[in-house]
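Shown below: model_8.cif, with mmCIF, C-alpha atoms.
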```
data_input
loop_
_atom_site.group_PDB
_atom_site.id
_atom_site.type_symbol
_atom_site.label_atom_id
_atom_site.label_comp_id
_atom_site.auth_asym_id
_atom_site.auth_seq_id
_atom_site.Cartn_x
_atom_site.Cartn_y
_atom_site.Cartn_z
ATOM 1 C CA MET A 1205 79.967 85.373 115.892
ATOM 2 C CA THR A 1206 81.341 82.299 114.134
ATOM 3 C CA SER A 1207 84.680 82.137 112.372
ATOM 4 C CA LYS A 1208 82.751 81.842 109.129
ATOM 5 C CA ASP A 1209 81.120 85.200 109.823
ATOM 6 C CA ALA A 1210 84.533 86.739 110.419
ATOM 7 C CA LEU A 1211 85.854 85.692 107.023
ATOM 8 C CA PRO A 1212 83.564 87.104 104.351
ATOM 9 C CA VAL A 1213 86.062 86.776 101.547
ATOM 10 C CA GLY A 1214 85.570 83.388 99.954
ATOM 11 C CA TYR A 1215 89.052 82.559 98.764
ATOM 12 C CA PRO A 1216 89.310 78.757 98.546
ATOM 13 C CA PHE A 1217 92.145 78.026 100.962
ATOM 14 C CA ALA A 1218 92.271 74.333 100.169
ATOM 15 C CA SER A 1219 94.075 74.310 96.837
ATOM 16 C CA ASP A 1220 94.399 71.247 94.673
ATOM 17 C CA PRO A 1221 97.813 69.555 94.412
ATOM 18 C CA GLU A 1222 98.625 70.971 90.987
ATOM 19 C CA GLY A 1223 97.832 74.584 91.816
ATOM 20 C CA ALA A 1224 99.050 74.641 95.383
ATOM 21 C CA SER A 1225 101.194 77.262 97.013
ATOM 22 C CA SER A 1226 104.176 77.039 99.311
ATOM 23 C CA GLN A 1227 106.325 79.266 101.484
ATOM 24 C CA LEU A 1228 107.724 81.443 98.732
ATOM 25 C CA ASP A 1229 109.999 84.422 98.707
ATOM 26 C CA GLY A 1230 108.493 87.003 96.382
ATOM 27 C CA GLU A 1231 111.972 88.239 95.470
ATOM 28 C CA SER A 1232 113.484 84.893 94.560
ATOM 29 C CA LEU A 1233 110.546 83.589 92.511
ATOM 30 C CA PRO A 1234 110.174 85.254 89.124
ATOM 31 C CA LEU A 1235 106.700 86.476 88.372
ATOM 32 C CA VAL A 1236 106.996 85.401 84.754
ATOM 33 C CA ALA A 1237 106.289 81.680 84.617
ATOM 34 C CA PRO A 1238 105.609 79.078 81.930
ATOM 35 C CA ASN A 1239 102.239 79.376 80.256
ATOM 36 C CA ASN A 1240 99.722 78.160 82.811
ATOM 37 C CA GLY A 1241 96.619 80.163 81.979
ATOM 38 C CA ALA A 1242 97.401 83.042 84.330
ATOM 39 C CA SER A 1243 98.288 85.622 81.733
ATOM 40 C CA ALA A 1244 97.314 89.258 81.674
ATOM 41 C CA SER A 1245 94.126 89.966 79.777
ATOM 42 C CA ILE A 1246 95.070 93.494 78.695
ATOM 43 C CA LYS A 1247 97.850 93.531 76.115
ATOM 44 C CA SER A 1248 100.065 96.400 75.111
ATOM 45 C CA HIS A 1249 98.032 97.138 71.951
ATOM 46 C CA ALA A 1250 94.644 97.026 73.705
ATOM 47 C CA ALA A 1251 94.709 100.449 75.359
ATOM 48 C CA PRO A 1252 96.405 103.849 74.978
ATOM 49 C CA ARG A 1253 100.029 104.067 76.015
ATOM 50 C CA ALA A 1254 100.791 105.748 79.336
ATOM 51 C CA THR A 1255 102.428 108.909 78.001
ATOM 52 C CA GLN A 1256 103.314 111.626 80.492
ATOM 53 C CA ARG A 1257 100.450 113.811 79.276
ATOM 54 C CA ARG A 1258 97.926 111.020 79.533
ATOM 55 C CA LEU A 1259 99.317 110.031 82.918
ATOM 56 C CA ARG A 1260 98.670 113.519 84.295
ATOM 57 C CA ALA A 1261 95.107 113.363 82.969
ATOM 58 C CA VAL A 1262 94.543 109.955 84.587
ATOM 59 C CA GLU A 1263 95.972 111.149 87.892
ATOM 60 C CA ALA A 1264 93.663 114.169 87.903
ATOM 61 C CA ARG A 1265 90.642 111.871 87.600
ATOM 62 C CA LEU A 1266 91.617 109.579 90.475
ATOM 63 C CA SER A 1267 89.807 110.004 93.784
ATOM 64 C CA ASP A 1268 91.331 109.346 97.196
ATOM 65 C CA ARG A 1269 89.596 105.972 97.217
ATOM 66 C CA ASP A 1270 90.975 105.138 93.774
ATOM 67 C CA LEU A 1271 94.465 105.837 95.088
ATOM 68 C CA ALA A 1272 93.783 103.723 98.184
ATOM 69 C CA VAL A 1273 92.686 100.817 95.981
ATOM 70 C CA LEU A 1274 95.841 101.192 93.890
ATOM 71 C CA ALA A 1275 97.985 101.242 97.035
ATOM 72 C CA SER A 1276 96.343 98.068 98.382
ATOM 73 C CA VAL A 1277 96.903 96.147 95.162
ATOM 74 C CA GLU A 1278 100.508 97.330 95.066
ATOM 75 C CA ARG A 1279 101.093 96.251 98.691
ATOM 76 C CA PHE A 1280 99.685 92.748 98.262
ATOM 77 C CA ARG A 1281 100.842 92.259 94.615
ATOM 78 C CA PHE A 1282 97.491 90.671 93.632
ATOM 79 C CA LEU A 1283 93.970 91.106 95.009
ATOM 80 C CA THR A 1284 90.627 89.725 93.910
ATOM 81 C CA ALA A 1285 87.649 92.012 93.327
ATOM 82 C CA GLU A 1286 86.162 90.563 96.496
ATOM 83 C CA HIS A 1287 89.232 91.547 98.511
ATOM 84 C CA ILE A 1288 89.071 95.090 97.131
ATOM 85 C CA GLU A 1289 85.378 95.390 97.891
ATOM 86 C CA ALA A 1290 85.906 94.227 101.479
ATOM 87 C CA LEU A 1291 88.790 96.637 102.023
ATOM 88 C CA HIS A 1292 87.456 99.798 100.381
ATOM 89 C CA PHE A 1293 83.706 99.534 99.711
ATOM 90 C CA ASN A 1294 82.324 98.316 103.017
ATOM 91 C CA ASP A 1295 80.876 101.647 104.182
ATOM 92 C CA HIS A 1296 77.887 101.813 101.818
ATOM 93 C CA ALA A 1297 74.246 101.651 102.839
ATOM 94 C CA SER A 1298 74.099 98.015 101.754
ATOM 95 C CA ALA A 1299 76.427 95.305 100.534
ATOM 96 C CA GLU A 1300 74.703 95.428 97.146
ATOM 97 C CA SER A 1301 75.365 99.149 96.830
ATOM 98 C CA GLY A 1302 78.990 98.685 97.805
ATOM 99 C CA GLY A 1303 79.382 95.869 95.306
ATOM 100 C CA ARG A 1304 77.909 97.884 92.436
ATOM 101 C CA THR A 1305 80.122 100.856 93.190
ATOM 102 C CA CYS A 1306 83.184 98.645 93.468
ATOM 103 C CA ARG A 1307 82.497 97.060 90.083
ATOM 104 C CA ARG A 1308 82.085 100.461 88.423
ATOM 105 C CA VAL A 1309 85.314 101.760 89.931
ATOM 106 C CA LEU A 1310 87.279 98.680 88.914
ATOM 107 C CA VAL A 1311 86.007 98.863 85.332
ATOM 108 C CA ARG A 1312 87.146 102.483 85.175
ATOM 109 C CA LEU A 1313 90.566 101.720 86.683
ATOM 110 C CA ARG A 1314 91.041 98.946 84.154
ATOM 111 C CA ARG A 1315 90.066 101.252 81.309
ATOM 112 C CA GLU A 1316 92.635 103.782 82.515
ATOM 113 C CA ARG A 1317 95.238 101.008 82.843
ATOM 114 C CA VAL A 1318 95.713 101.791 86.491
ATOM 115 C CA LEU A 1319 94.825 98.159 87.215
ATOM 116 C CA GLY A 1320 94.843 95.080 85.016
ATOM 117 C CA VAL A 1321 93.370 91.612 85.469
ATOM 118 C CA LEU A 1322 94.649 88.098 84.928
ATOM 119 C CA THR A 1323 92.716 85.718 82.733
ATOM 120 C CA ARG A 1324 92.717 83.211 85.573
ATOM 121 C CA ARG A 1325 89.850 83.733 88.023
ATOM 122 C CA VAL A 1326 89.570 82.573 91.593
ATOM 123 C CA GLY A 1327 86.693 80.109 91.641
ATOM 124 C CA GLY A 1328 86.620 79.769 87.850
ATOM 125 C CA VAL A 1329 84.267 81.395 85.374
ATOM 126 C CA ARG A 1330 81.265 80.903 87.647
ATOM 127 C CA ALA A 1331 82.797 83.327 90.146
ATOM 128 C CA GLY A 1332 82.032 86.170 87.742
ATOM 129 C CA SER A 1333 83.616 89.560 88.308
ATOM 130 C CA GLN A 1334 84.184 88.821 92.010
ATOM 131 C CA GLY A 1335 86.765 86.220 91.047
ATOM 132 C CA LEU A 1336 88.854 88.537 88.863
ATOM 133 C CA VAL A 1337 92.434 88.949 90.061
ATOM 134 C CA TYR A 1338 93.867 92.481 89.826
ATOM 135 C CA PHE A 1339 97.438 93.685 89.515
ATOM 136 C CA VAL A 1340 98.993 97.139 89.076
ATOM 137 C CA ASP A 1341 99.047 97.915 85.357
ATOM 138 C CA THR A 1342 101.242 100.330 83.407
ATOM 139 C CA ALA A 1343 99.644 103.636 84.416
ATOM 140 C CA GLY A 1344 99.353 102.455 88.007
ATOM 141 C CA GLN A 1345 103.030 101.545 88.088
ATOM 142 C CA ARG A 1346 104.014 104.962 86.775
ATOM 143 C CA LEU A 1347 101.810 106.691 89.340
ATOM 144 C CA GLN A 1348 103.268 104.610 92.155
ATOM 145 C CA GLN A 1349 106.800 105.415 91.060
ATOM 146 C CA GLN A 1350 105.972 109.112 91.094
ATOM 147 C CA GLY A 1351 104.610 108.647 94.599
ATOM 148 C CA GLY A 1352 107.861 107.144 95.835
ATOM 149 C CA SER A 1353 107.143 103.412 95.560
ATOM 150 C CA SER A 1354 110.386 101.451 95.402
ATOM 151 C CA ARG A 1355 108.835 98.469 93.677
ATOM 152 C CA ARG A 1356 110.230 97.795 90.240
ATOM 153 C CA GLY A 1357 107.602 97.955 87.525
ATOM 154 C CA ARG A 1358 106.576 94.778 85.760
ATOM 155 C CA ARG A 1359 104.603 95.446 82.627
ATOM 156 C CA PHE A 1360 102.404 92.351 82.511
ATOM 157 C CA PRO A 1361 102.886 89.992 85.441
ATOM 158 C CA GLU A 1362 102.259 86.349 84.711
ATOM 159 C CA PRO A 1363 102.602 84.572 88.057
ATOM 160 C CA SER A 1364 102.799 80.858 88.566
ATOM 161 C CA ALA A 1365 99.710 79.243 90.053
ATOM 162 C CA ARG A 1366 101.647 78.441 93.236
ATOM 163 C CA PHE A 1367 102.799 82.002 93.765
ATOM 164 C CA LEU A 1368 99.349 83.418 93.032
ATOM 165 C CA ASP A 1369 97.628 80.993 95.408
ATOM 166 C CA HIS A 1370 100.000 81.900 98.209
ATOM 167 C CA THR A 1371 99.709 85.638 97.586
ATOM 168 C CA LEU A 1372 95.904 85.558 97.540
ATOM 169 C CA ALA A 1373 95.873 83.416 100.688
ATOM 170 C CA ILE A 1374 97.829 86.141 102.485
ATOM 171 C CA ALA A 1375 95.266 88.718 101.349
ATOM 172 C CA TYR A 1376 92.455 86.397 102.454
ATOM 173 C CA VAL A 1377 93.831 86.295 105.999
ATOM 174 C CA ALA A 1378 94.520 90.039 106.090
ATOM 175 C CA VAL A 1379 91.001 90.920 104.948
ATOM 176 C CA GLY A 1380 89.523 88.419 107.386
ATOM 177 C CA ILE A 1381 91.386 89.996 110.291
ATOM 178 C CA LYS A 1382 90.051 93.413 109.352
ATOM 179 C CA ALA A 1383 86.494 92.062 109.146
ATOM 180 C CA ALA A 1384 86.728 90.235 112.465
ATOM 181 C CA ALA A 1385 88.174 93.281 114.216
ATOM 182 C CA GLY A 1386 85.388 95.486 112.872
ATOM 183 C CA ALA A 1387 82.706 93.028 113.965
ATOM 184 C CA LEU A 1388 84.086 92.752 117.513
ATOM 185 C CA GLY A 1389 85.008 96.403 118.048
ATOM 186 C CA ALA A 1390 88.767 95.855 117.981
ATOM 187 C CA GLU A 1391 91.287 97.976 116.091
ATOM 188 C CA VAL A 1392 93.669 96.836 113.389
ATOM 189 C CA VAL A 1393 96.698 98.973 114.164
ATOM 190 C CA GLN A 1394 98.793 97.485 111.380
ATOM 191 C CA VAL A 1395 98.642 94.714 108.794
ATOM 192 C CA ALA A 1396 101.898 94.530 106.848
ATOM 193 C CA PRO A 1397 102.561 92.027 104.043
ATOM 194 C CA GLU A 1398 105.946 90.399 103.603
ATOM 195 C CA LYS A 1399 107.822 93.197 101.869
ATOM 196 C CA GLU A 1400 106.904 95.573 104.729
ATOM 197 C CA ALA A 1401 107.222 93.001 107.525
ATOM 198 C CA ARG A 1402 110.718 91.656 106.869
ATOM 199 C CA ARG A 1403 113.267 91.826 109.690
ATOM 200 C CA PRO A 1404 117.001 91.838 108.835
ATOM 201 C CA PHE A 1405 119.248 90.687 111.676
ATOM 202 C CA ILE A 1406 122.661 89.276 112.574
ATOM 203 C CA ASP A 1407 122.482 85.794 114.092
ATOM 204 C CA ARG A 1408 124.693 84.592 116.936
ATOM 205 C CA LEU A 1409 127.249 83.229 114.448
ATOM 206 C CA GLY A 1410 127.599 86.648 112.832
ATOM 207 C CA GLY A 1411 125.651 85.739 109.719
ATOM 208 C CA THR A 1412 123.215 88.139 108.065
ATOM 209 C CA GLN A 1413 119.649 86.841 107.871
ATOM 210 C CA VAL A 1414 116.324 88.315 106.813
ATOM 211 C CA LEU A 1415 113.158 87.039 108.456
ATOM 212 C CA ARG A 1416 110.246 87.289 106.008
ATOM 213 C CA PRO A 1417 106.861 86.728 107.665
ATOM 214 C CA ASP A 1418 103.899 86.479 105.323
ATOM 215 C CA LEU A 1419 102.114 89.056 107.502
ATOM 216 C CA TYR A 1420 102.880 91.185 110.509
ATOM 217 C CA VAL A 1421 99.753 92.144 112.449
ATOM 218 C CA GLU A 1422 99.147 94.530 115.355
ATOM 219 C CA LEU A 1423 95.758 94.558 117.077
ATOM 220 C CA ALA A 1424 94.246 96.562 119.940
ATOM 221 C CA ALA A 1425 91.214 95.466 121.946
ATOM 222 C CA ARG A 1426 89.467 98.789 121.289
ATOM 223 C CA PRO A 1427 90.165 101.781 119.051
ATOM 224 C CA GLY A 1428 92.768 104.003 120.664
ATOM 225 C CA ASP A 1429 94.017 101.447 123.203
ATOM 226 C CA GLU A 1430 97.724 101.777 123.876
ATOM 227 C CA ASP A 1431 98.044 98.073 124.693
ATOM 228 C CA VAL A 1432 98.743 96.389 121.366
ATOM 229 C CA LYS A 1433 99.389 92.724 120.629
ATOM 230 C CA ALA A 1434 101.543 91.698 117.697
ATOM 231 C CA PHE A 1435 101.664 88.578 115.555
ATOM 232 C CA PHE A 1436 103.844 87.152 112.808
ATOM 233 C CA VAL A 1437 101.646 85.098 110.471
ATOM 234 C CA GLU A 1438 102.967 82.289 108.273
ATOM 235 C CA ILE A 1439 100.722 80.598 105.697
ATOM 236 C CA ASP A 1440 101.342 77.105 104.391
ATOM 237 C CA LEU A 1441 98.935 75.608 101.853
ATOM 238 C CA GLY A 1442 100.031 72.043 102.398
ATOM 239 C CA HIS A 1443 102.981 71.602 100.068
ATOM 240 C CA GLU A 1444 105.936 72.300 102.303
ATOM 241 C CA SER A 1445 107.539 69.430 104.161
ATOM 242 C CA LEU A 1446 107.582 69.443 107.943
ATOM 243 C CA PRO A 1447 111.399 69.906 108.035
ATOM 244 C CA THR A 1448 111.023 73.014 105.850
ATOM 245 C CA VAL A 1449 108.394 74.473 108.177
ATOM 246 C CA LEU A 1450 110.551 73.694 111.222
ATOM 247 C CA ARG A 1451 113.551 75.391 109.588
ATOM 248 C CA LYS A 1452 111.455 78.547 109.317
ATOM 249 C CA CYS A 1453 110.661 78.165 113.033
ATOM 250 C CA GLN A 1454 114.390 77.936 113.718
ATOM 251 C CA GLN A 1455 114.838 81.249 111.944
ATOM 252 C CA TYR A 1456 112.212 82.755 114.219
ATOM 253 C CA GLU A 1457 114.125 81.316 117.167
ATOM 254 C CA ALA A 1458 117.347 82.915 115.903
ATOM 255 C CA TYR A 1459 115.610 86.277 115.623
ATOM 256 C CA TYR A 1460 114.018 85.812 119.050
ATOM 257 C CA GLN A 1461 117.463 85.230 120.556
ATOM 258 C CA THR A 1462 118.724 88.582 119.277
ATOM 259 C CA GLY A 1463 116.284 90.425 121.557
ATOM 260 C CA ILE A 1464 115.744 93.112 118.903
ATOM 261 C CA GLU A 1465 111.945 92.900 118.889
ATOM 262 C CA GLN A 1466 111.778 92.732 122.687
ATOM 263 C CA ARG A 1467 114.050 95.751 123.067
ATOM 264 C CA ASP A 1468 112.287 97.888 120.488
ATOM 265 C CA PHE A 1469 108.674 96.925 121.168
ATOM 266 C CA GLY A 1470 108.561 95.385 124.642
ATOM 267 C CA GLY A 1471 107.891 91.805 123.594
ATOM 268 C CA PHE A 1472 108.105 89.214 120.839
ATOM 269 C CA PRO A 1473 105.102 88.685 118.551
ATOM 270 C CA ARG A 1474 103.286 85.362 118.633
ATOM 271 C CA VAL A 1475 104.141 83.286 115.534
ATOM 272 C CA VAL A 1476 100.912 81.970 114.012
ATOM 273 C CA TRP A 1477 101.095 79.113 111.529
ATOM 274 C CA VAL A 1478 98.027 78.970 109.289
ATOM 275 C CA MET A 1479 98.015 75.467 107.841
ATOM 276 C CA GLY A 1480 95.832 74.349 104.956
ATOM 277 C CA ALA A 1481 95.722 71.577 102.359
ATOM 278 C CA TYR A 1482 93.577 70.477 99.455
ATOM 279 C CA ARG A 1483 91.640 68.102 101.763
ATOM 280 C CA PRO A 1484 90.387 69.050 105.256
ATOM 281 C CA ASP A 1485 91.566 65.788 106.832
ATOM 282 C CA ILE A 1486 95.085 66.291 105.468
ATOM 283 C CA ALA A 1487 95.125 69.897 106.692
ATOM 284 C CA GLU A 1488 94.085 68.818 110.183
ATOM 285 C CA ARG A 1489 96.705 66.072 110.262
ATOM 286 C CA ARG A 1490 99.396 68.539 109.217
ATOM 287 C CA ARG A 1491 98.323 70.964 111.953
ATOM 288 C CA GLN A 1492 98.478 68.220 114.583
ATOM 289 C CA THR A 1493 101.878 67.038 113.376
ATOM 290 C CA LEU A 1494 103.354 70.530 113.462
ATOM 291 C CA GLN A 1495 101.904 71.223 116.902
ATOM 292 C CA ALA A 1496 103.418 68.001 118.255
ATOM 293 C CA SER A 1497 106.782 68.829 116.695
ATOM 294 C CA LEU A 1498 106.779 72.297 118.226
ATOM 295 C CA THR A 1499 105.923 70.906 121.661
ATOM 296 C CA ARG A 1500 108.723 68.351 121.743
ATOM 297 C CA GLY A 1501 111.197 70.176 119.551
ATOM 298 C CA VAL A 1502 114.720 70.740 120.831
ATOM 299 C CA ARG A 1503 115.866 74.392 120.621
ATOM 300 C CA LEU A 1504 112.289 75.573 120.107
ATOM 301 C CA THR A 1505 110.185 77.774 122.379
ATOM 302 C CA PRO A 1506 106.688 76.231 122.126
ATOM 303 C CA GLU A 1507 104.888 79.168 123.719
ATOM 304 C CA LEU A 1508 105.945 81.418 120.819
ATOM 305 C CA TYR A 1509 103.771 79.506 118.355
ATOM 306 C CA ARG A 1510 100.161 78.842 117.514
ATOM 307 C CA VAL A 1511 98.928 76.485 114.801
ATOM 308 C CA THR A 1512 95.489 77.078 113.341
ATOM 309 C CA ALA A 1513 93.278 76.901 110.245
ATOM 310 C CA ALA A 1514 92.600 79.696 107.767
ATOM 311 C CA GLU A 1515 88.892 79.727 108.573
ATOM 312 C CA GLU A 1516 89.602 80.291 112.265
ATOM 313 C CA VAL A 1517 92.681 82.493 112.457
ATOM 314 C CA ALA A 1518 91.040 85.942 112.166
ATOM 315 C CA ALA A 1519 88.455 85.377 114.899
ATOM 316 C CA GLN A 1520 91.054 83.673 117.128
ATOM 317 C CA LEU A 1521 93.514 86.564 116.979
ATOM 318 C CA VAL A 1522 90.871 89.195 117.632
ATOM 319 C CA GLN A 1523 89.365 87.177 120.485
ATOM 320 C CA GLU A 1524 92.833 86.780 122.020
ATOM 321 C CA VAL A 1525 93.342 90.528 121.950
ATOM 322 C CA ARG A 1526 89.830 91.240 123.284
ATOM 323 C CA HIS A 1527 90.120 88.804 126.177
ATOM 324 C CA GLY A 1528 93.863 88.860 126.757
#
```
How does the structure come out when it is put into structure tokens?
Amino acid sequence: MTSKDALPVGYPFASDPEGASSQLDGESLPLVAPNNGASASIKSHAAPRATQRRLRAVEARLSDRDLAVLASVERFRFLTAEHIEALHFNDHASAESGGRTCRRVLVRLRRERVLGVLTRRVGGVRAGSQGLVYFVDTAGQRLQQQGGSSRRGRRFPEPSARFLDHTLAIAYVAVGIKAAAGALGAEVVQVAPEKEARRPFIDRLGGTQVLRPDLYVELAARPGDEDVKAFFVEIDLGHESLPTVLRKCQQYEAYYQTGIEQRDFGGFPRVVWVMGAYRPDIAERRRQTLQASLTRGVRLTPELYRVTAAEEVAAQLVQEVRHG
């Protein structure tokens, strides 16, 4: 199986310079940005308000899969229709059948205001419905709050292009890992996005830090295996400087020195840097530069890190677990 086969979700990882992402903290960056074309397509006057009575009626109509779709969008903040189809509609008799069912479900969830879509599409207008980007809309937010979600509701998110690119790139990698594991008979024990993967700790100077990986991943070679390998995944789309990336590595080193992960889980996860850029030659040069810096870096532990491309990371991680 090629790495292309392992990554069925066609999110364009090589962003252009104007719409590029960076290592962003979802808490520090406001979701409401200047007008850049990524505005919500469903306005407050376009659908019934989510009264308590209507909310109960909507909830009664939701299936377990509807709720799973809602939970996935809430976890990742934004997902494309293609992400949702790969995560929740991959068990149909054919891909066409799964796609049709997914489209019908998403239309219904939009009508109920469980999910909303941005006017910006991944891949532009030609991408059709597969390029629509979904967020949790008003009714979905209320349902999640009733279910115990601690996320604060945002009525109509309007993310910057940078933040959206980075968020969708994280989903791209997560979905690719699931697809690669399924194809090779491995098990995805856990895939946790940043808000679930963060690690608070006290550094050796007594300062409080919070490590925020883009993803935390646990994989087993076969379903039910007790031997599990773990990875922290960091995604850079080509617009962070090398010193900024190395500072994030230093934070990993500080956390590594605490011994918390080793004590609690028996080892420290491999830190995987997924490096992209708007041109393949620039992306490759950035990967080589980072790898060289990690190898010769003072106060760095080179064996903790791997540097790879988005198109290769899913198959590489699963192969490492299968043959490790």
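Atom to atom, atom CA of A:Phe1367 and atom CA of A:Gln1495 stand 25.5 Å apart.
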Could you list, as a list in words, every residue matched by the PyMOL selection byres ((chain A and resi 1471-1480) around 7) in this structure?
Phe1217, Ala1218, Ala1434, Phe1435, Phe1436, Val1437, Glu1438, Ile1439, Asp1440, Leu1441, Gly1442, Glu1465, Gln1466, Phe1469, Gly1470, Ala1481, Ala1487, Arg1491, Leu1508, Tyr1509, Arg1510, Val1511, Thr1512, Ala1513 and Ala1514 of chain A
Could you dump the residues just selected with C-alpha atoms as a PDB file, in the coordinates of the input?
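Writing done, so here's again_38.pdb:
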```pdb
ATOM      1  CA  PHE A1217      92.145  78.026 100.962  1.00  0.00           C
ATOM      2  CA  ALA A1218      92.271  74.333 100.169  1.00  0.00           C
ATOM      3  CA  ALA A1434     101.543  91.698 117.697  1.00  0.00           C
ATOM      4  CA  PHE A1435     101.664  88.578 115.555  1.00  0.00           C
ATOM      5  CA  PHE A1436     103.844  87.152 112.808  1.00  0.00           C
ATOM      6  CA  VAL A1437     101.646  85.098 110.471  1.00  0.00           C
ATOM      7  CA  GLU A1438     102.967  82.289 108.273  1.00  0.00           C
ATOM      8  CA  ILE A1439     100.722  80.598 105.697  1.00  0.00           C
ATOM      9  CA  ASP A1440     101.342  77.105 104.391  1.00  0.00           C
ATOM     10  CA  LEU A1441      98.935  75.608 101.853  1.00  0.00           C
ATOM     11  CA  GLY A1442     100.031  72.043 102.398  1.00  0.00           C
ATOM     12  CA  GLU A1465     111.945  92.900 118.889  1.00  0.00           C
ATOM     13  CA  GLN A1466     111.778  92.732 122.687  1.00  0.00           C
ATOM     14  CA  PHE A1469     108.674  96.925 121.168  1.00  0.00           C
ATOM     15  CA  GLY A1470     108.561  95.385 124.642  1.00  0.00           C
ATOM     16  CA  ALA A1481      95.722  71.577 102.359  1.00  0.00           C
ATOM     17  CA  ALA A1487      95.125  69.897 106.692  1.00  0.00           C
ATOM     18  CA  ARG A1491      98.323  70.964 111.953  1.00  0.00           C
ATOM     19  CA  LEU A1508     105.945  81.418 120.819  1.00  0.00           C
ATOM     20  CA  TYR A1509     103.771  79.506 118.355  1.00  0.00           C
ATOM     21  CA  ARG A1510     100.161  78.842 117.514  1.00  0.00           C
ATOM     22  CA  VAL A1511      98.928  76.485 114.801  1.00  0.00           C
ATOM     23  CA  THR A1512      95.489  77.078 113.341  1.00  0.00           C
ATOM     24  CA  ALA A1513      93.278  76.901 110.245  1.00  0.00           C
ATOM     25  CA  ALA A1514      92.600  79.696 107.767  1.00  0.00           C
TER      26      ALA A1514
END
```
List every residue of stretch 1412-1500 of chain A that has an atom at most 10 Å from any atom of stretch 1377-1394 of chain A, and for each one report the closest atom pair and its distance in Å to one decimal, counting only C-alpha atoms, with rows sorted by chain and then by increasing residue number, as JSON lines.
```
{"residue": "A:Leu1419", "atom": "CA", "partner": "A:Ala1378", "partner_atom": "CA", "distance": 7.8}
{"residue": "A:Tyr1420", "atom": "CA", "partner": "A:Gln1394", "partner_atom": "CA", "distance": 7.6}
{"residue": "A:Val1421", "atom": "CA", "partner": "A:Gln1394", "partner_atom": "CA", "distance": 5.5}
{"residue": "A:Glu1422", "atom": "CA", "partner": "A:Gln1394", "partner_atom": "CA", "distance": 5.0}
{"residue": "A:Leu1423", "atom": "CA", "partner": "A:Val1392", "partner_atom": "CA", "distance": 4.8}
{"residue": "A:Ala1424", "atom": "CA", "partner": "A:Glu1391", "partner_atom": "CA", "distance": 5.1}
{"residue": "A:Ala1425", "atom": "CA", "partner": "A:Ala1390", "partner_atom": "CA", "distance": 4.7}
{"residue": "A:Arg1426", "atom": "CA", "partner": "A:Ala1390", "partner_atom": "CA", "distance": 4.5}
{"residue": "A:Pro1427", "atom": "CA", "partner": "A:Glu1391", "partner_atom": "CA", "distance": 4.9}
{"residue": "A:Gly1428", "atom": "CA", "partner": "A:Glu1391", "partner_atom": "CA", "distance": 7.7}
{"residue": "A:Asp1429", "atom": "CA", "partner": "A:Glu1391", "partner_atom": "CA", "distance": 8.4}
{"residue": "A:Val1432", "atom": "CA", "partner": "A:Val1393", "partner_atom": "CA", "distance": 7.9}
{"residue": "A:Lys1433", "atom": "CA", "partner": "A:Val1393", "partner_atom": "CA", "distance": 9.4}
{"residue": "A:Ala1434", "atom": "CA", "partner": "A:Gln1394", "partner_atom": "CA", "distance": 9.0}
{"residue": "A:Val1437", "atom": "CA", "partner": "A:Val1377", "partner_atom": "CA", "distance": 9.1}
{"residue": "A:Ile1439", "atom": "CA", "partner": "A:Val1377", "partner_atom": "CA", "distance": 8.9}
{"residue": "A:Val1478", "atom": "CA", "partner": "A:Val1377", "partner_atom": "CA", "distance": 9.1}
```
Using the file's own x, y and z axes, what box holds all listed atoms of stretch 1368-1377 of chain A with 6 Å on each side, keeping edges along x, y and z, and what are its centre and edge lengths in Å to one decimal, as JSON?
```
{"center_x": 96.2, "center_y": 84.9, "center_z": 99.5, "size_x": 19.5, "size_y": 19.7, "size_z": 25.0}
```
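For A:Leu1336, the list of residues within 9 Å, based on only C-alpha atoms and with local chain neighbours fewer than 6 positions off taken out, reads Leu1283, Thr1284, Ala1285, Glu1286, Val1321, Leu1322, Thr1323, Arg1324, Arg1325 and Val1326 of chain A.
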Please write the residues picked by the PyMOL selection byres ((chain A and resi 1276) around 12) on this file as a compact mmCIF listing (two decimals) with C-alpha atoms, in the coordinates of the input.
```txt
# COMPACT_ATOMS: atom_id res chain seq x y z
CA ARG A 1269 89.60 105.97 97.22
CA ASP A 1270 90.98 105.14 93.77
CA LEU A 1271 94.46 105.84 95.09
CA ALA A 1272 93.78 103.72 98.18
CA VAL A 1273 92.69 100.82 95.98
CA LEU A 1274 95.84 101.19 93.89
CA ALA A 1275 97.98 101.24 97.04
CA VAL A 1277 96.90 96.15 95.16
CA GLU A 1278 100.51 97.33 95.07
CA ARG A 1279 101.09 96.25 98.69
CA PHE A 1280 99.68 92.75 98.26
CA ARG A 1281 100.84 92.26 94.62
CA PHE A 1282 97.49 90.67 93.63
CA LEU A 1283 93.97 91.11 95.01
CA THR A 1284 90.63 89.72 93.91
CA ALA A 1285 87.65 92.01 93.33
CA HIS A 1287 89.23 91.55 98.51
CA ILE A 1288 89.07 95.09 97.13
CA GLU A 1289 85.38 95.39 97.89
CA ALA A 1290 85.91 94.23 101.48
CA LEU A 1291 88.79 96.64 102.02
CA HIS A 1292 87.46 99.80 100.38
CA LEU A 1319 94.82 98.16 87.22
CA TYR A 1338 93.87 92.48 89.83
CA PHE A 1339 97.44 93.68 89.52
CA VAL A 1340 98.99 97.14 89.08
CA GLY A 1344 99.35 102.46 88.01
CA GLN A 1348 103.27 104.61 92.16
CA ALA A 1375 95.27 88.72 101.35
CA ALA A 1378 94.52 90.04 106.09
CA VAL A 1379 91.00 90.92 104.95
CA VAL A 1395 98.64 94.71 108.79
CA ALA A 1396 101.90 94.53 106.85
CA PRO A 1397 102.56 92.03 104.04
```
